[in-house]
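Participant: My structure is in coords20.csv, and what it holds is CSV, N, CA and C atoms:
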```
chain,number,residue,atom,x,y,z
O,6,MET,N,-24.0,0.0,7.3
O,6,MET,CA,-22.6,0.4,7.5
O,6,MET,C,-21.9,0.3,6.1
O,7,THR,N,-21.4,1.4,5.6
O,7,THR,CA,-20.7,1.4,4.3
O,7,THR,C,-19.3,0.8,4.5
O,8,GLN,N,-19.0,-0.1,3.5
O,8,GLN,CA,-17.6,-0.7,3.5
O,8,GLN,C,-16.9,-0.1,2.2
O,9,TYR,N,-15.6,-0.2,2.3
O,9,TYR,CA,-14.7,0.3,1.3
O,9,TYR,C,-13.6,-0.7,1.0
O,10,LYS,N,-13.1,-0.6,-0.2
O,10,LYS,CA,-11.9,-1.4,-0.6
O,10,LYS,C,-10.7,-0.6,-0.7
O,11,PHE,N,-9.7,-1.0,0.0
O,11,PHE,CA,-8.4,-0.3,0.0
O,11,PHE,C,-7.4,-1.2,-0.7
O,12,THR,N,-6.9,-0.7,-1.9
O,12,THR,CA,-5.9,-1.4,-2.7
O,12,THR,C,-4.6,-0.7,-2.4
O,13,THR,N,-3.6,-1.5,-1.9
O,13,THR,CA,-2.3,-0.9,-1.6
O,13,THR,C,-1.7,-0.2,-2.8
O,14,PRO,N,-0.9,0.8,-2.5
O,14,PRO,CA,-0.2,1.5,-3.6
O,14,PRO,C,0.8,0.5,-4.3
O,15,THR,N,1.2,0.8,-5.6
O,15,THR,CA,2.2,0.1,-6.3
O,15,THR,C,3.2,1.0,-6.9
O,16,GLU,N,4.3,0.4,-7.3
O,16,GLU,CA,5.4,1.2,-7.9
O,16,GLU,C,5.9,0.4,-9.1
O,17,LEU,N,6.0,1.0,-10.2
O,17,LEU,CA,6.5,0.4,-11.4
O,17,LEU,C,8.0,0.2,-11.3
O,18,GLU,N,8.4,-1.1,-11.5
O,18,GLU,CA,9.8,-1.4,-11.3
O,18,GLU,C,10.3,-2.1,-12.7
O,19,THR,N,11.4,-1.6,-13.2
O,19,THR,CA,12.0,-2.1,-14.4
O,19,THR,C,13.4,-2.7,-14.1
O,20,PRO,N,13.8,-3.7,-15.0
O,20,PRO,CA,15.1,-4.3,-14.8
O,20,PRO,C,16.2,-3.2,-14.9
O,21,ALA,N,17.3,-3.4,-14.1
O,21,ALA,CA,18.4,-2.5,-14.1
O,21,ALA,C,19.3,-2.9,-15.3
O,22,GLY,N,19.8,-1.9,-16.0
O,22,GLY,CA,20.7,-2.2,-17.2
O,22,GLY,C,20.0,-2.9,-18.3
O,23,GLY,N,20.8,-3.4,-19.3
O,23,GLY,CA,20.2,-4.2,-20.3
O,23,GLY,C,19.8,-3.4,-21.6
O,24,GLY,N,19.8,-2.1,-21.5
O,24,GLY,CA,19.5,-1.4,-22.7
O,24,GLY,C,18.0,-1.0,-22.8
O,25,PRO,N,17.6,-0.4,-24.0
O,25,PRO,CA,16.3,0.2,-24.1
O,25,PRO,C,15.2,-0.9,-24.2
O,26,LEU,N,15.5,-2.1,-24.7
O,26,LEU,CA,14.5,-3.2,-24.8
O,26,LEU,C,14.0,-3.5,-23.4
O,27,PHE,N,14.9,-3.6,-22.4
O,27,PHE,CA,14.5,-4.0,-21.1
O,27,PHE,C,13.8,-2.9,-20.3
O,28,GLU,N,13.9,-1.7,-20.8
O,28,GLU,CA,13.2,-0.6,-20.1
O,28,GLU,C,11.7,-0.7,-20.4
O,29,ARG,N,11.3,-1.4,-21.4
O,29,ARG,CA,9.9,-1.6,-21.8
O,29,ARG,C,9.2,-2.5,-20.8
O,30,ILE,N,10.0,-3.4,-20.2
O,30,ILE,CA,9.4,-4.4,-19.3
O,30,ILE,C,9.3,-3.8,-17.9
O,31,GLY,N,8.1,-3.9,-17.4
O,31,GLY,CA,8.0,-3.4,-16.0
O,31,GLY,C,7.0,-4.2,-15.2
O,32,LEU,N,7.2,-4.3,-14.0
O,32,LEU,CA,6.3,-5.0,-13.0
O,32,LEU,C,5.9,-4.0,-12.0
O,33,HIS,N,4.6,-4.1,-11.6
O,33,HIS,CA,4.0,-3.3,-10.6
O,33,HIS,C,4.3,-4.0,-9.3
O,34,ARG,N,5.1,-3.4,-8.4
O,34,ARG,CA,5.4,-4.0,-7.1
O,34,ARG,C,4.5,-3.3,-6.0
O,35,GLY,N,3.9,-4.1,-5.1
O,35,GLY,CA,3.1,-3.6,-4.1
O,35,GLY,C,3.9,-2.9,-3.0
O,36,ILE,N,3.3,-1.8,-2.5
O,36,ILE,CA,3.9,-1.1,-1.4
O,36,ILE,C,3.0,-1.4,-0.1
O,37,SER,N,3.6,-1.8,0.9
O,37,SER,CA,2.8,-2.1,2.2
O,37,SER,C,2.6,-0.8,2.9
O,38,VAL,N,1.5,-0.8,3.6
O,38,VAL,CA,1.1,0.3,4.4
O,38,VAL,C,0.9,-0.2,5.9
O,39,LEU,N,1.6,0.4,6.8
O,39,LEU,CA,1.5,0.0,8.2
O,39,LEU,C,1.2,1.2,9.1
O,40,ARG,N,0.3,1.0,10.1
O,40,ARG,CA,0.0,2.1,11.0
O,40,ARG,C,0.7,1.8,12.3
O,41,THR,N,1.6,2.7,12.7
O,41,THR,CA,2.3,2.6,14.0
O,41,THR,C,2.1,3.9,14.7
O,42,ASN,N,1.6,3.8,15.9
O,42,ASN,CA,1.4,5.0,16.8
O,42,ASN,C,0.5,6.0,16.1
O,43,GLY,N,-0.5,5.5,15.4
O,43,GLY,CA,-1.5,6.4,14.7
O,43,GLY,C,-1.1,6.9,13.4
O,44,ILE,N,0.1,6.6,12.9
O,44,ILE,CA,0.6,7.2,11.7
O,44,ILE,C,0.7,6.1,10.6
O,45,TYR,N,0.2,6.3,9.5
O,45,TYR,CA,0.3,5.3,8.4
O,45,TYR,C,1.6,5.7,7.6
O,46,SER,N,2.4,4.6,7.3
O,46,SER,CA,3.6,4.8,6.5
O,46,SER,C,3.7,3.7,5.5
O,47,SER,N,4.4,4.1,4.4
O,47,SER,CA,4.6,3.1,3.3
O,47,SER,C,6.0,2.5,3.4
O,48,TYR,N,6.0,1.2,3.1
O,48,TYR,CA,7.2,0.4,3.2
O,48,TYR,C,7.3,-0.5,1.9
O,49,ARG,N,8.4,-0.4,1.3
O,49,ARG,CA,8.6,-1.2,0.1
O,49,ARG,C,8.8,-2.7,0.5
O,50,TYR,N,9.7,-2.9,1.4
O,50,TYR,CA,9.9,-4.3,1.9
O,50,TYR,C,9.9,-4.2,3.5
O,51,PRO,N,8.8,-4.3,4.1
O,51,PRO,CA,8.8,-4.2,5.6
O,51,PRO,C,9.4,-5.4,6.2
O,52,GLY,N,10.2,-5.2,7.3
O,52,GLY,CA,10.8,-6.2,8.0
O,52,GLY,C,9.8,-6.7,9.1
O,53,LEU,N,10.2,-7.8,9.7
O,53,LEU,CA,9.4,-8.4,10.7
O,53,LEU,C,9.2,-7.5,11.9
O,54,THR,N,10.2,-6.7,12.2
O,54,THR,CA,10.2,-5.8,13.3
O,54,THR,C,9.1,-4.7,13.1
O,55,GLU,N,9.1,-4.2,11.8
O,55,GLU,CA,8.1,-3.1,11.5
O,55,GLU,C,6.6,-3.7,11.6
O,56,VAL,N,6.5,-4.9,11.0
O,56,VAL,CA,5.2,-5.6,11.0
O,56,VAL,C,4.7,-5.9,12.4
O,57,ASN,N,5.6,-6.4,13.2
O,57,ASN,CA,5.2,-6.7,14.6
O,57,ASN,C,4.8,-5.5,15.4
O,58,ALA,N,5.5,-4.4,15.1
O,58,ALA,CA,5.3,-3.1,15.9
O,58,ALA,C,4.0,-2.4,15.5
O,59,ALA,N,3.5,-2.7,14.3
O,59,ALA,CA,2.3,-2.0,13.7
O,59,ALA,C,1.0,-2.5,14.4
O,60,GLN,N,0.0,-1.5,14.5
O,60,GLN,CA,-1.3,-1.8,14.9
O,60,GLN,C,-2.2,-2.3,13.8
O,61,GLU,N,-1.9,-1.8,12.6
O,61,GLU,CA,-2.6,-2.3,11.4
O,61,GLU,C,-1.6,-2.5,10.3
O,62,VAL,N,-1.8,-3.6,9.5
O,62,VAL,CA,-0.8,-4.0,8.5
O,62,VAL,C,-1.6,-4.3,7.2
O,63,TYR,N,-1.3,-3.6,6.1
O,63,TYR,CA,-1.8,-3.8,4.8
O,63,TYR,C,-0.7,-4.1,3.9
O,64,LEU,N,-0.5,-5.4,3.6
O,64,LEU,CA,0.7,-5.9,2.8
O,64,LEU,C,0.5,-5.5,1.4
O,65,GLY,N,1.5,-5.1,0.7
O,65,GLY,CA,1.5,-4.6,-0.7
O,65,GLY,C,1.0,-5.7,-1.6
O,66,GLY,N,0.3,-5.2,-2.7
O,66,GLY,CA,-0.2,-6.1,-3.7
O,66,GLY,C,-1.5,-6.8,-3.4
O,67,ARG,N,-2.2,-6.3,-2.4
O,67,ARG,CA,-3.5,-6.9,-2.0
O,67,ARG,C,-4.6,-5.9,-1.9
O,68,GLU,N,-5.8,-6.4,-1.8
O,68,GLU,CA,-7.0,-5.5,-1.5
O,68,GLU,C,-7.6,-5.9,-0.2
O,69,TYR,N,-8.0,-4.9,0.5
O,69,TYR,CA,-8.6,-5.1,1.9
O,69,TYR,C,-10.0,-4.4,2.0
O,70,ILE,N,-10.9,-5.0,2.7
O,70,ILE,CA,-12.2,-4.4,3.0
O,70,ILE,C,-12.0,-3.7,4.3
O,71,ILE,N,-12.3,-2.4,4.3
O,71,ILE,CA,-12.1,-1.5,5.5
O,71,ILE,C,-13.4,-0.8,5.8
O,72,GLU,N,-13.5,-0.4,7.0
O,72,GLU,CA,-14.7,0.4,7.5
O,72,GLU,C,-14.5,1.9,7.3
O,73,GLU,N,-15.5,2.7,7.5
O,73,GLU,CA,-15.4,4.1,7.3
O,73,GLU,C,-14.4,4.8,8.2
O,74,ALA,N,-14.3,4.4,9.4
O,74,ALA,CA,-13.3,5.1,10.3
O,74,ALA,C,-11.9,4.9,9.7
O,75,THR,N,-11.6,3.7,9.3
O,75,THR,CA,-10.2,3.4,8.7
O,75,THR,C,-10.1,4.2,7.4
O,76,LYS,N,-11.1,4.3,6.6
O,76,LYS,CA,-11.1,5.0,5.3
O,76,LYS,C,-10.8,6.5,5.6
O,77,ASP,N,-11.4,7.1,6.6
O,77,ASP,CA,-11.2,8.5,7.0
O,77,ASP,C,-9.7,8.7,7.4
O,78,ALA,N,-9.2,7.8,8.2
O,78,ALA,CA,-7.8,7.9,8.7
O,78,ALA,C,-6.8,7.8,7.6
O,79,LEU,N,-7.0,6.8,6.7
O,79,LEU,CA,-6.2,6.6,5.5
O,79,LEU,C,-6.2,7.9,4.6
O,80,THR,N,-7.4,8.4,4.4
O,80,THR,CA,-7.6,9.5,3.5
O,80,THR,C,-6.9,10.7,4.1
O,81,ALA,N,-7.0,10.9,5.4
O,81,ALA,CA,-6.4,12.1,6.0
O,81,ALA,C,-4.9,12.1,5.9
O,82,GLN,N,-4.3,10.9,5.7
O,82,GLN,CA,-2.9,10.8,5.7
O,82,GLN,C,-2.4,10.5,4.2
O,83,GLY,N,-3.2,10.8,3.2
O,83,GLY,CA,-2.8,10.8,1.9
O,83,GLY,C,-3.0,9.5,1.1
O,84,TYR,N,-3.8,8.6,1.6
O,84,TYR,CA,-4.0,7.3,0.8
O,84,TYR,C,-5.4,7.2,0.2
O,85,GLY,N,-6.1,8.3,0.1
O,85,GLY,CA,-7.5,8.4,-0.4
O,85,GLY,C,-7.6,7.9,-1.8
O,86,GLU,N,-6.7,8.1,-2.6
O,86,GLU,CA,-6.8,7.7,-4.0
O,86,GLU,C,-6.8,6.2,-4.2
O,87,TYR,N,-6.5,5.4,-3.2
O,87,TYR,CA,-6.4,4.0,-3.3
O,87,TYR,C,-7.7,3.3,-2.7
O,88,ILE,N,-8.7,4.1,-2.3
O,88,ILE,CA,-9.9,3.6,-1.7
O,88,ILE,C,-11.1,3.8,-2.6
O,89,THR,N,-11.9,2.8,-2.7
O,89,THR,CA,-13.1,2.9,-3.5
O,89,THR,C,-14.3,2.3,-2.6
O,90,GLU,N,-15.5,2.8,-2.8
O,90,GLU,CA,-16.6,2.4,-2.1
O,90,GLU,C,-17.2,1.1,-2.7
O,91,LEU,N,-17.6,0.2,-1.9
O,91,LEU,CA,-18.2,-1.1,-2.4
O,91,LEU,C,-19.6,-0.9,-2.7
```
In structure tokens, how does this file's structure come out?

Facilitator:
Amino acid sequence: MTQYKFTTPTELETPAGGGPLFERIGLHRGISVLRTNGIYSSYRYPGLTEVNAAQEVYLGGREYIIEEATKDALTAQGYGEYITEL
């Protein structure tokens, strides 16, 4: 059985204001992916309500080992670029 690694998406975040020097500083913030009612959605800061309602939770900034069926479902909904084969 083939396994895959799912690395959650990230977004580059820079400090607000401060001039051009601060624009050079950036942090990659993880985006969480939750499956609710068969649909995967991205959440920047998911609340406890969203996490508890989800059937699958992939918290941002982490890597997960997934099976082929999950890989196919994530790929079908646009998350294929974040999946690599182990």

Participant: I want to know what sits within 8 Å of O:Pro51, based on only N, CA and C atoms, with residues of the same chain fewer than 5 positions away left out; could you give that as a VMD selection string?

Facilitator: chain O and resid 36 to 37 56

Participant: Using DSSP assignments from the backbone, pull out every residue in chain O that falls under helix (DSSP H, G or I) and give it to me as a PyMOL selection string.

Facilitator: chain O and resi 25-28+53-58+73-81+85-87

Participant: Calculated over all atoms listed in the file, which of the candidates O:Thr13, O:Ala59, O:Tyr50, O:Tyr45 has the smallest distance to O:Leu79?

Facilitator: O:Tyr45

Participant: How many Å lie between atom CA of O:Thr89 and atom CA of O:Val62, rounded to one decimal?

Facilitator: 18.5 Å

Participant: So what do you get for atom N of O:Phe11 versus atom C of O:Ile44, distance-wise?

Facilitator: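 If I compute the distance from atom N of O:Phe11 to atom C of O:Ile44, I get 16.5 Å.
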
Participant: Could you jot down the atom N of O:Tyr48 to atom N of O:Pro20 separation for me, Å, one decimal place?

Facilitator: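 Interatomic distance, atom N of O:Tyr48 to atom N of O:Pro20: 20.3 Å.
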
Participant: Would you list the contacts of stretch 14-17 of chain O as a ChimeraX atom specification, taking every protein, DNA or RNA residue within 5 Å and counting all atoms listed in the file, but skipping same-chain residues closer than 5 positions in sequence?

Facilitator: /O:32-36

Participant: Dump N, CA and C atoms for the selected residues as an mmCIF file, in the coordinates of the input?

Facilitator:
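The resulting selection27.cif:
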```cif
data_model
loop_
_atom_site.group_PDB
_atom_site.id
_atom_site.type_symbol
_atom_site.label_atom_id
_atom_site.label_comp_id
_atom_site.auth_asym_id
_atom_site.auth_seq_id
_atom_site.Cartn_x
_atom_site.Cartn_y
_atom_site.Cartn_z
ATOM 1 N N LEU O 32 7.200 -4.300 -14.000
ATOM 2 C CA LEU O 32 6.300 -5.000 -13.000
ATOM 3 C C LEU O 32 5.900 -4.000 -12.000
ATOM 4 N N HIS O 33 4.600 -4.100 -11.600
ATOM 5 C CA HIS O 33 4.000 -3.300 -10.600
ATOM 6 C C HIS O 33 4.300 -4.000 -9.300
ATOM 7 N N ARG O 34 5.100 -3.400 -8.400
ATOM 8 C CA ARG O 34 5.400 -4.000 -7.100
ATOM 9 C C ARG O 34 4.500 -3.300 -6.000
ATOM 10 N N GLY O 35 3.900 -4.100 -5.100
ATOM 11 C CA GLY O 35 3.100 -3.600 -4.100
ATOM 12 C C GLY O 35 3.900 -2.900 -3.000
ATOM 13 N N ILE O 36 3.300 -1.800 -2.500
ATOM 14 C CA ILE O 36 3.900 -1.100 -1.400
ATOM 15 C C ILE O 36 3.000 -1.400 -0.100
#
```

Participant: Residues around (-18.6, 5.8, 6.3), cut-off 9 Å, counting only C-alpha atoms - what are they as a list in words?

Facilitator: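 The residues that fall inside the cut-off are Met6, Thr7, Gln8, Tyr9, Glu72, Glu73, Ala74, Lys76 and Asp77 of chain O.
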
Participant: Go through O:Glu61, O:Glu18, O:Glu55, O:Glu90 one by one, measure the shortest atom-to-atom distance of each to O:Ala78 using only C-alpha atoms, and give the residue with the smallest value.

Facilitator: O:Glu61
